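Just data.txt here, compact mmCIF, C-alpha atoms:
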# COMPACT_ATOMS: atom_id res chain seq x y z
CA MET R 182 0.00 0.00 0.00
CA LYS R 183 1.01 3.62 -0.49
CA LYS R 184 0.17 6.23 2.08
CA PRO R 185 -3.24 7.70 1.31
CA TYR R 186 -3.93 11.02 -0.34
CA VAL R 187 -4.91 13.25 2.57
CA ILE R 188 -7.39 16.09 2.13
CA ALA R 189 -7.76 18.79 4.78
CA GLU R 190 -11.34 19.95 4.40
CA MET R 191 -11.14 23.61 5.39
CA GLY R 192 -14.80 24.10 4.62
CA VAL R 193 -15.50 27.52 6.09
CA ASN R 194 -13.98 27.03 9.55
CA PHE R 195 -11.44 29.75 8.90
CA PHE R 196 -14.18 32.41 9.08
CA ASP R 197 -14.54 31.69 12.81
CA THR R 198 -10.78 31.74 13.31
CA ALA R 199 -10.63 35.11 11.55
CA LYS R 200 -13.01 36.59 14.11
CA VAL R 201 -11.03 35.18 17.03
CA LEU R 202 -7.69 36.42 15.71
CA GLY R 203 -8.98 39.73 14.40
CA ILE R 204 -7.80 39.11 10.85
CA THR R 205 -9.58 38.90 7.50
CA PRO R 206 -11.16 35.58 6.41
CA LEU R 207 -8.70 35.42 3.52
CA GLU R 208 -5.75 35.80 5.88
CA ALA R 209 -7.24 33.12 8.12
CA ALA R 210 -7.75 30.80 5.15
CA LYS R 211 -4.08 31.22 4.21
CA LEU R 212 -3.12 30.46 7.81
CA TYR R 213 -5.14 27.24 7.57
CA ILE R 214 -3.30 26.34 4.38
CA ASP R 215 0.05 27.00 6.08
CA ARG R 216 -0.80 24.76 9.03
CA ALA R 217 -2.13 22.01 6.78
CA ALA R 218 1.04 22.08 4.70
CA GLU R 219 3.14 21.82 7.86
CA ALA R 220 1.04 18.85 8.99
CA GLY R 221 1.89 17.00 5.79
CA VAL R 222 -1.46 16.85 3.98
CA ASN R 223 -1.73 16.61 0.20
CA CYS R 224 -4.66 18.86 -0.53
CA ALA R 225 -6.46 21.89 0.92
CA LYS R 226 -10.15 21.82 0.09
CA PHE R 227 -12.76 24.52 0.52
CA GLN R 228 -16.50 24.92 -0.04
CA SER R 229 -18.07 27.41 -2.39
CA TYR R 230 -21.70 28.35 -1.93
CA LYS R 231 -24.18 31.18 -1.63
CA ALA R 232 -26.99 30.92 0.88
CA GLU R 233 -29.52 32.02 -1.75
CA THR R 234 -28.70 29.11 -4.06
CA ILE R 235 -28.05 26.31 -1.57
CA ALA R 236 -30.99 26.44 0.83
CA SER R 237 -34.45 27.89 1.20
CA LYS R 238 -35.17 30.17 4.11
CA HIS R 239 -37.24 27.34 5.62
CA SER R 240 -34.56 24.61 5.68
CA PRO R 241 -34.20 23.13 9.18
CA ALA R 242 -30.86 22.22 10.77
CA TYR R 243 -29.68 18.60 10.59
CA TRP R 244 -26.59 18.94 12.78
CA ASP R 245 -26.02 18.85 16.53
CA THR R 246 -27.55 22.14 17.61
CA ASP R 247 -25.77 21.89 20.95
CA LYS R 248 -22.54 22.36 19.01
CA GLU R 249 -23.87 24.64 16.25
CA PRO R 250 -26.87 26.64 17.47
CA ALA R 251 -28.18 27.72 14.07
CA LYS R 252 -31.65 26.27 13.67
CA ASN R 253 -31.89 27.02 9.98
CA GLN R 254 -29.56 26.08 7.10
CA PHE R 255 -30.04 29.39 5.30
CA GLU R 256 -29.03 31.25 8.46
CA LEU R 257 -25.86 29.17 8.81
CA PHE R 258 -24.80 29.39 5.17
CA LEU R 259 -25.38 33.13 5.08
CA ARG R 260 -22.69 33.46 7.74
CA TYR R 261 -20.01 31.98 5.50
CA ASP R 262 -20.86 32.83 1.88
CA SER R 263 -18.91 36.05 1.32
CA PHE R 264 -16.10 34.66 -0.87
CA ASP R 265 -16.28 35.07 -4.63
CA ALA R 266 -14.32 33.79 -7.62
CA SER R 267 -11.42 36.16 -7.02
CA ASP R 268 -11.03 34.94 -3.43
CA TYR R 269 -10.87 31.32 -4.53
CA LYS R 270 -8.32 32.26 -7.20
CA LYS R 271 -6.13 33.75 -4.45
CA LEU R 272 -6.59 30.64 -2.30
CA CYS R 273 -5.76 28.39 -5.24
CA ASP R 274 -2.57 30.28 -6.04
CA TYR R 275 -1.51 30.32 -2.40
CA THR R 276 -2.27 26.61 -1.93
CA HIS R 277 -0.24 25.65 -4.99
CA ALA R 278 2.60 27.90 -3.84
CA ARG R 279 2.68 25.91 -0.59
CA GLY R 280 3.03 22.68 -2.57
CA LEU R 281 -0.50 21.38 -2.00
CA ASP R 282 -3.28 20.52 -4.40
CA PHE R 283 -6.33 22.75 -4.35
CA SER R 284 -9.97 21.79 -4.53
CA ALA R 285 -13.37 23.10 -3.54
CA THR R 286 -16.88 21.73 -3.46
CA PRO R 287 -19.17 23.79 -5.70
CA PHE R 288 -22.79 24.01 -4.59
CA ASP R 289 -24.14 25.82 -7.65
CA TYR R 290 -23.44 26.10 -11.36
CA ALA R 291 -21.69 29.47 -11.08
CA ALA R 292 -19.19 28.01 -8.61
CA ALA R 293 -18.66 24.96 -10.79
CA ASP R 294 -17.77 27.30 -13.65
CA TYR R 295 -15.33 29.62 -11.91
CA LEU R 296 -13.64 26.73 -10.11
CA GLU R 297 -12.96 24.92 -13.39
CA ASP R 298 -9.61 26.61 -13.97
CA LEU R 299 -8.63 26.40 -10.29
CA VAL R 300 -9.33 22.96 -8.84
CA ASP R 301 -7.16 19.90 -9.32
CA PHE R 302 -10.33 17.85 -8.95
CA TYR R 303 -13.98 18.49 -8.20
CA LYS R 304 -15.51 17.31 -4.94
CA ILE R 305 -19.25 16.68 -4.90
CA SER R 306 -21.03 16.73 -1.56
CA SER R 307 -23.18 13.87 -0.30
CA SER R 308 -26.02 16.38 -0.30
CA ASP R 309 -25.83 16.61 -4.09
CA LEU R 310 -25.62 12.88 -4.79
CA SER R 311 -29.18 12.87 -6.14
CA ASN R 312 -28.70 16.14 -8.04
CA ILE R 313 -27.99 14.26 -11.25
CA PRO R 314 -28.08 17.21 -13.70
CA PHE R 315 -25.53 19.05 -11.53
CA ILE R 316 -23.33 15.96 -11.26
CA GLU R 317 -23.34 15.53 -15.04
CA TYR R 318 -22.49 19.20 -15.51
CA ILE R 319 -19.48 18.96 -13.22
CA ALA R 320 -18.32 15.61 -14.61
CA GLY R 321 -18.40 17.04 -18.13
CA LYS R 322 -15.65 19.53 -17.35
CA GLY R 323 -12.83 17.01 -17.74
CA LYS R 324 -11.58 16.98 -14.16
CA PRO R 325 -11.46 14.01 -11.75
CA VAL R 326 -14.59 13.76 -9.61
CA TYR R 327 -14.56 12.84 -5.93
CA LEU R 328 -18.08 11.93 -4.83
CA SER R 329 -19.16 11.61 -1.20
CA THR R 330 -21.78 8.93 -0.66
CA GLY R 331 -23.31 9.77 2.71
CA ALA R 332 -27.01 9.16 3.43
CA ALA R 333 -27.44 7.18 0.22
CA TYR R 334 -28.61 3.75 -0.84
CA LEU R 335 -26.26 1.78 -3.08
CA SER R 336 -28.68 2.14 -5.98
CA GLU R 337 -28.41 5.94 -5.68
CA VAL R 338 -24.62 5.75 -5.78
CA GLU R 339 -24.87 3.57 -8.89
CA GLU R 340 -27.11 6.15 -10.56
CA ALA R 341 -24.68 8.96 -9.73
CA VAL R 342 -21.71 6.97 -11.04
CA ARG R 343 -23.57 6.27 -14.27
CA ALA R 344 -24.18 10.00 -14.63
CA ILE R 345 -20.50 10.78 -14.10
CA LYS R 346 -19.48 8.22 -16.70
CA ARG R 347 -22.12 9.43 -19.17
CA ALA R 348 -20.51 12.85 -18.98
CA GLY R 349 -17.18 11.32 -19.98
CA CYS R 350 -15.39 11.30 -16.63
CA LYS R 351 -13.39 8.15 -15.95
CA ASP R 352 -11.35 9.30 -12.95
CA ILE R 353 -13.80 8.72 -10.11
CA VAL R 354 -13.19 8.52 -6.37
CA LEU R 355 -16.08 7.31 -4.22
CA MET R 356 -15.83 8.55 -0.66
CA HIS R 357 -17.54 6.51 2.04
CA CYS R 358 -19.18 9.09 4.26
CA VAL R 359 -21.78 9.30 7.01
CA LEU R 360 -23.91 12.43 6.81
CA SER R 361 -24.13 12.97 10.55
CA TYR R 362 -22.21 15.58 12.51
CA PRO R 363 -20.45 14.29 14.51
CA THR R 364 -20.69 10.64 13.50
CA ILE R 365 -20.69 8.38 16.56
CA PRO R 366 -18.22 5.47 16.37
CA ALA R 367 -20.98 2.86 16.01
CA ASP R 368 -22.16 4.62 12.83
CA VAL R 369 -18.79 5.06 11.11
CA ASN R 370 -19.42 1.75 9.32
CA LEU R 371 -16.08 1.44 7.52
CA ASN R 372 -17.01 -1.94 6.06
CA VAL R 373 -19.09 -0.04 3.51
CA MET R 374 -15.82 0.67 1.72
CA ASN R 375 -15.60 -3.01 0.80
CA VAL R 376 -19.09 -2.81 -0.67
CA LEU R 377 -18.06 0.18 -2.76
CA LYS R 378 -14.85 -1.54 -3.88
CA ASN R 379 -16.69 -4.66 -4.97
CA THR R 380 -19.51 -2.76 -6.68
CA PHE R 381 -17.33 -0.19 -8.45
CA PRO R 382 -14.03 -1.95 -9.25
CA ASP R 383 -12.94 0.78 -11.68
CA ALA R 384 -13.27 3.58 -9.09
CA ARG R 385 -10.90 4.50 -6.31
CA ILE R 386 -12.34 4.34 -2.82
CA GLY R 387 -11.82 6.82 0.00
CA PHE R 388 -13.24 7.90 3.34
CA SER R 389 -14.63 11.28 4.29
CA ASP R 390 -14.64 11.34 8.08
CA HIS R 391 -17.18 13.18 10.21
CA ALA R 392 -16.39 11.42 13.50
CA SER R 393 -14.78 13.39 16.29
CA PRO R 394 -11.03 12.72 16.37
CA ASP R 395 -10.09 9.85 18.66
CA GLU R 396 -6.96 10.07 20.75
CA HIS R 397 -4.73 8.01 18.46
CA MET R 398 -6.57 8.66 15.17
CA VAL R 399 -7.45 4.97 14.99
CA THR R 400 -10.54 5.63 12.86
CA LEU R 401 -8.48 6.96 9.97
CA SER R 402 -5.86 4.23 10.41
CA ALA R 403 -8.59 1.59 10.18
CA ALA R 404 -9.96 3.22 7.04
CA TYR R 405 -6.54 3.08 5.45
CA LEU R 406 -6.06 -0.55 6.43
CA LEU R 407 -9.41 -1.34 4.81
CA GLY R 408 -8.21 0.15 1.55
CA ALA R 409 -9.02 3.87 1.60
CA GLU R 410 -6.83 5.51 -1.04
CA VAL R 411 -8.10 8.97 -0.12
CA ILE R 412 -8.71 10.30 3.39
CA GLU R 413 -10.65 13.52 3.95
CA LYS R 414 -11.34 15.19 7.27
CA HIS R 415 -12.48 18.63 8.34
CA PHE R 416 -9.61 20.84 9.49
CA THR R 417 -9.52 23.47 12.21
CA LEU R 418 -6.94 25.34 14.23
CA ASP R 419 -9.08 25.15 17.36
CA LYS R 420 -11.49 22.28 18.03
CA SER R 421 -13.08 24.20 20.91
CA LEU R 422 -14.42 27.00 18.72
CA PRO R 423 -18.23 27.12 18.54
CA GLY R 424 -20.02 26.84 15.26
CA ASN R 425 -20.11 24.90 12.04
CA ASP R 426 -17.51 22.10 11.75
CA HIS R 427 -14.93 22.71 14.47
CA TYR R 428 -16.44 20.21 16.90
CA HIS R 429 -15.78 17.18 14.67
CA ALA R 430 -12.71 18.49 12.82
CA GLY R 431 -9.10 17.52 13.33
CA ASP R 432 -6.44 20.07 14.22
CA PRO R 433 -2.88 20.06 12.84
CA SER R 434 -1.65 17.68 15.54
CA ASP R 435 -4.46 15.23 14.74
CA PHE R 436 -3.52 15.29 11.07
CA GLN R 437 0.17 14.87 11.88
CA LYS R 438 -0.67 11.89 14.08
CA ALA R 439 -2.83 10.32 11.37
CA ILE R 440 -0.15 10.77 8.72
CA GLN R 441 2.47 9.24 11.02
CA ASN R 442 0.09 6.32 11.52
CA PHE R 443 -0.22 5.85 7.76
CA LYS R 444 3.57 5.80 7.41
CA TRP R 445 3.86 3.32 10.28
CA ILE R 446 1.22 1.10 8.68
CA ASP R 447 3.11 1.19 5.37
CA THR R 448 6.27 0.19 7.21
CA ILE R 449 4.78 -2.75 9.07
CA LEU R 450 2.69 -4.06 6.16
CA GLY R 451 5.80 -4.70 4.07
CA ARG R 452 5.53 -6.80 0.91
CA PRO R 453 2.91 -9.41 -0.09
CA GLU R 454 5.58 -12.11 -0.39
CA LYS R 455 6.27 -14.98 2.01
CA THR R 456 10.01 -15.48 2.13
CA VAL R 457 12.92 -15.51 4.57
CA LEU R 458 13.91 -11.97 5.42
CA ALA R 459 17.53 -10.95 5.85
CA CYS R 460 16.87 -10.30 9.54
CA GLU R 461 15.65 -13.92 9.92
CA LYS R 462 18.61 -15.76 8.40
CA ILE R 463 20.65 -16.14 11.57
CA PRO R 464 17.62 -16.82 13.82
CA ARG R 465 16.40 -19.35 11.24
CA ARG R 466 19.69 -21.22 11.50
CA GLU R 467 20.06 -21.03 15.28
CA ALA R 468 16.42 -21.51 16.35
CA ARG R 469 15.55 -24.42 14.08
CA ARG R 470 16.42 -27.99 15.04
CA SER R 471 18.89 -30.62 13.96
CA LEU R 472 19.13 -34.34 14.68
CA VAL R 473 21.26 -34.80 17.83
CA LEU R 474 22.67 -38.06 19.29
CA THR R 475 21.07 -39.26 22.53
CA ARG R 476 24.08 -41.50 23.44
CA ASP R 477 27.72 -42.14 22.65
CA MET R 478 28.05 -44.15 19.42
CA ASN R 479 30.92 -46.04 17.85
CA ALA R 480 31.88 -46.18 14.20
CA GLY R 481 29.83 -48.79 12.31
CA GLU R 482 26.78 -48.73 14.61
CA LEU R 483 23.45 -48.34 12.84
CA LEU R 484 21.31 -45.35 13.75
CA GLN R 485 18.05 -46.36 15.46
CA PRO R 486 15.02 -44.15 16.26
CA GLY R 487 15.98 -43.85 19.94
CA ASP R 488 19.46 -42.63 19.03
CA LEU R 489 18.27 -39.27 17.75
CA ILE R 490 16.40 -36.27 19.14
CA PRO R 491 15.63 -32.91 17.45
CA LYS R 492 17.44 -30.04 19.20
CA ARG R 493 18.62 -26.55 18.40
CA PRO R 494 20.56 -25.20 16.52
CA GLY R 495 19.58 -26.05 12.95
CA THR R 496 23.12 -26.40 11.64
CA GLY R 497 23.00 -30.16 11.15
CA ILE R 498 20.67 -32.63 9.46
CA SER R 499 17.04 -31.48 9.61
CA PRO R 500 14.54 -33.62 11.56
CA GLN R 501 12.44 -33.82 8.40
CA LEU R 502 15.15 -36.10 6.94
CA ILE R 503 15.21 -38.57 9.84
CA ASP R 504 13.88 -41.41 7.66
CA VAL R 505 16.87 -40.93 5.33
CA VAL R 506 19.46 -41.48 8.07
CA LEU R 507 17.75 -44.18 10.17
CA GLY R 508 19.44 -47.54 9.62
CA LYS R 509 22.59 -45.93 8.26
CA PRO R 510 25.96 -46.72 9.91
CA ILE R 511 27.96 -44.10 11.79
CA LYS R 512 31.35 -43.43 10.13
CA MET R 513 33.22 -42.45 13.31
CA ASP R 514 33.06 -42.52 17.07
CA ILE R 515 30.65 -39.76 18.20
CA SER R 516 29.80 -38.59 21.69
CA LYS R 517 26.35 -37.94 23.09
CA ASP R 518 24.70 -34.59 22.25
CA THR R 519 26.64 -34.25 19.00
CA ILE R 520 24.77 -32.50 16.18
CA LEU R 521 24.58 -35.03 13.34
CA THR R 522 25.98 -33.87 10.01
CA TRP R 523 26.19 -35.65 6.65
CA ASP R 524 29.90 -36.38 6.93
CA MET R 525 29.16 -38.51 10.02
CA VAL R 526 26.72 -40.88 8.27

Using structure tokens, write down the structure from this file.
Amino acid sequence: MKKPYVIAEMGVNFFDTAKVLGITPLEAAKLYIDRAAEAGVNCAKFQSYKAETIASKHSPAYWDTDKEPAKNQFELFLRYDSFDASDYKKLCDYTHARGLDFSATPFDYAAADYLEDLVDFYKISSSDLSNIPFIEYIAGKGKPVYLSTGAAYLSEVEEAVRAIKRAGCKDIVLMHCVLSYPTIPADVNLNVMNVLKNTFPDARIGFSDHASPDEHMVTLSAAYLLGAEVIEKHFTLDKSLPGNDHYHAGDPSDFQKAIQNFKWIDTILGRPEKTVLACEKIPRREARRSLVLTRDMNAGELLQPGDLIPKRPGTGISPQLIDVVLGKPIKMDISKDTILTWDMV
């Protein structure tokens, strides 16, 4: 396995950080990019929407209102929809200058259009999985498409994938995702990735994580072990901040820990080949067994079953060849506990 492609989902968390630090949202977004680059991620991803085009004024909240008090989706989105095409162009340029890929999730056709020359791939939200005309429009732009699959039946994912392929896109990443903020551990359901792998063998499979970070980032490690080629998680500089996605996001230290875990996993998984490793050659010789005499024997005596016992080290005749030597005469006088070798028989 190769270490997964790691996406830091900035979303709009940097708006809250901007208020706390007394800086502009654009400056805060660049700070997020800096910290993500230092943590070792591969991609900084944002969200591009306008409240007027994403939600009606009567759209109820579906998140934990103890963590995010907004009771209405329109109210929440209006808080974070001030960026325009020029802002995303600045973020794209800055992200690439820091050596990271850039992406954003468009939530309307205008965003899909102005992001076309900016993103390294398009990300489509779980919330738009049934928005087939929009999916086809994005997939027709010639960029890879990463599709989150939260809150969907398999048949709906199949329909969306057909739409992406109809539009001519062949580079598809299906992200297992649970559309619940935060996702409790019992609902993370990572085995769904195997279902996606088996159903869509020509797509890459990833995991978009909405669970609160666990102490050792085991959730993401497990996803990688189960075959996730792409890992996405919301990113924040302060998990204690109120509002939006901070309460289930990972901070730079969480991302660093996860990436170290991925490297450790790569190290310990090794190669899919059963052979004797260089580090095993001496232990193999010394810890295996040889045929050893149980008594003193004189030259010419025939070896009988009771004359031999398997003992370490494995520098003599292997016990698996005992039937070859039984009944053979000894060539020389040999004392008890001698390791039998071929020149003695």

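Between R:Ser499 and the residues R:Lys512, R:Arg470, R:Arg452, R:His415, the shortest atom-to-atom distance, using all atoms listed in the file, involves R:Arg470.
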
Review point. So which residues touch R:Leu401 within 10 Å, counting all atoms listed in the file, skipping near sequence neighbours fewer than 4 positions away, as a list in words?
Key: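 Residues meeting the cut-off are Leu371, Phe388, Ser389, Asp390, Ala392, Pro394, Asp395, His397, Tyr405, Leu406, Leu407, Ala409, Ile412, Glu413, Lys414, Phe436, Ala439, Ile440, Asn442 and Phe443 of chain R.
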
Point to revise | Interatomic distance, atom CA of R:Glu467 to atom CA of R:Gly495 (Å, one decimal) | key: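 These two atoms are separated by 5.6 Å.
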
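Counting only C-alpha atoms, stretch 516-524 of chain R has the following residues at most 6 Å away, ignoring those fewer than 4 positions along the same chain: Leu472, Val473, Leu474, Thr475, Arg476, Asp477, Gly497 and Ile498 of chain R.
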
Point to revise | Selected residue, from R:Leu489, R:Ile446, R:Leu484, R:Leu507, that lies nearest to R:Ser471 when counting all atoms listed in the file | key: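 Using all atoms listed in the file, R:Ser471 sits closest to R:Leu489.
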
Practice item. Within 9 Å of (-5.0, 22.5, 1.8) (coordinates as in the file), grab all the protein and nucleic acid residues, counting all atoms listed in the file, and write them out as an MDAnalysis selection string. Key: chainID R and resid 188:191 213:218 222:227 276:277 279 281:284

Restricted to C-alpha atoms, what would the selected residues look like written as an mmCIF file, in the coordinates of the input?
data_model
loop_
_atom_site.group_PDB
_atom_site.id
_atom_site.type_symbol
_atom_site.label_atom_id
_atom_site.label_comp_id
_atom_site.auth_asym_id
_atom_site.auth_seq_id
_atom_site.Cartn_x
_atom_site.Cartn_y
_atom_site.Cartn_z
ATOM 1 C CA ILE R 188 -7.390 16.090 2.130
ATOM 2 C CA ALA R 189 -7.760 18.790 4.780
ATOM 3 C CA GLU R 190 -11.340 19.950 4.400
ATOM 4 C CA MET R 191 -11.140 23.610 5.390
ATOM 5 C CA TYR R 213 -5.140 27.240 7.570
ATOM 6 C CA ILE R 214 -3.300 26.340 4.380
ATOM 7 C CA ASP R 215 0.050 27.000 6.080
ATOM 8 C CA ARG R 216 -0.800 24.760 9.030
ATOM 9 C CA ALA R 217 -2.130 22.010 6.780
ATOM 10 C CA ALA R 218 1.040 22.080 4.700
ATOM 11 C CA VAL R 222 -1.460 16.850 3.980
ATOM 12 C CA ASN R 223 -1.730 16.610 0.200
ATOM 13 C CA CYS R 224 -4.660 18.860 -0.530
ATOM 14 C CA ALA R 225 -6.460 21.890 0.920
ATOM 15 C CA LYS R 226 -10.150 21.820 0.090
ATOM 16 C CA PHE R 227 -12.760 24.520 0.520
ATOM 17 C CA THR R 276 -2.270 26.610 -1.930
ATOM 18 C CA HIS R 277 -0.240 25.650 -4.990
ATOM 19 C CA ARG R 279 2.680 25.910 -0.590
ATOM 20 C CA LEU R 281 -0.500 21.380 -2.000
ATOM 21 C CA ASP R 282 -3.280 20.520 -4.400
ATOM 22 C CA PHE R 283 -6.330 22.750 -4.350
ATOM 23 C CA SER R 284 -9.970 21.790 -4.530
#

**Study point:** Residue contacts of stretch 291-301 of chain R (9 Å, only C-alpha atoms) excluding same-chain residues fewer than 2 positions away, as an MDAnalysis selection string
**Key:** chainID R and resid 229:230 265:266 269:270 273:274 282:289 303 318:319 322 324:325

Practice item. Tell me which protein, DNA and RNA residues are within 10 Å of R:Glu317, counting only C-alpha atoms, leaving out same-chain ones fewer than 3 positions away, and put them as a list in words. Key: Asn312, Ile313, Pro314, Ala320, Gly321, Lys322, Ala341, Val342, Arg343, Ala344, Ile345, Lys346, Arg347, Ala348, Gly349 and Cys350 of chain R

Around all the atoms of stretch 352-361 of chain R listed in the file, draw an axis-aligned box and extend it by 5 Å on each of the six sides; I want its centre and edge lengths in Å to one decimal, as AutoDock Vina command-line options.
--center_x -17.7 --center_y 9.7 --center_z -1.2 --size_x 22.8 --size_y 16.5 --size_z 33.5

Exercise for review: Between atom CA of R:Leu257 and atom CA of R:Val411, measure the distance and give it in Å to one decimal.
Suggested key: 28.3 Å

Check your understanding: Could you name the residues that touch R:Met374 at 9 Å or less, counting only C-alpha atoms, but leaving out those on the same chain fewer than 2 positions away, as an NGL selection string?
Key -> :R and (355-357 or 370-372 or 376-379 or 386-388 or 404 or 407-409)

**Study point:** From R:Val359, R:Ala430, R:Ile511, R:Val399, residue lying nearest R:Gly331 [all atoms listed in the file]
**Key:**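 For R:Gly331, the nearest of the candidates is R:Val359.
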
Review point. In terms of the shortest atom-to-atom distance over all atoms listed in the file, which of R:Gln485, R:Ser240, R:Thr496, R:Asn375 is closest to R:Lys509?
Key: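 Closest to R:Lys509 of all the choices is R:Gln485.
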
Exercise for review: One decimal, Å: what's the distance from atom CA of R:Thr330 over to atom CA of R:Lys420, could you say?
Suggested key: 25.2 Å

Study note, to complete from the structure: Across R:Ser329, R:Ser421, R:Asn479, R:Ser402, the smallest distance to R:Lys444, with only C-alpha atoms counted, is shown by R:Ser402

Point to revise | Minimum-distance residue to R:Phe302, chosen among R:Glu219, R:Ala251, R:Thr198, R:Val326 (using only C-alpha atoms) | key: R:Val326
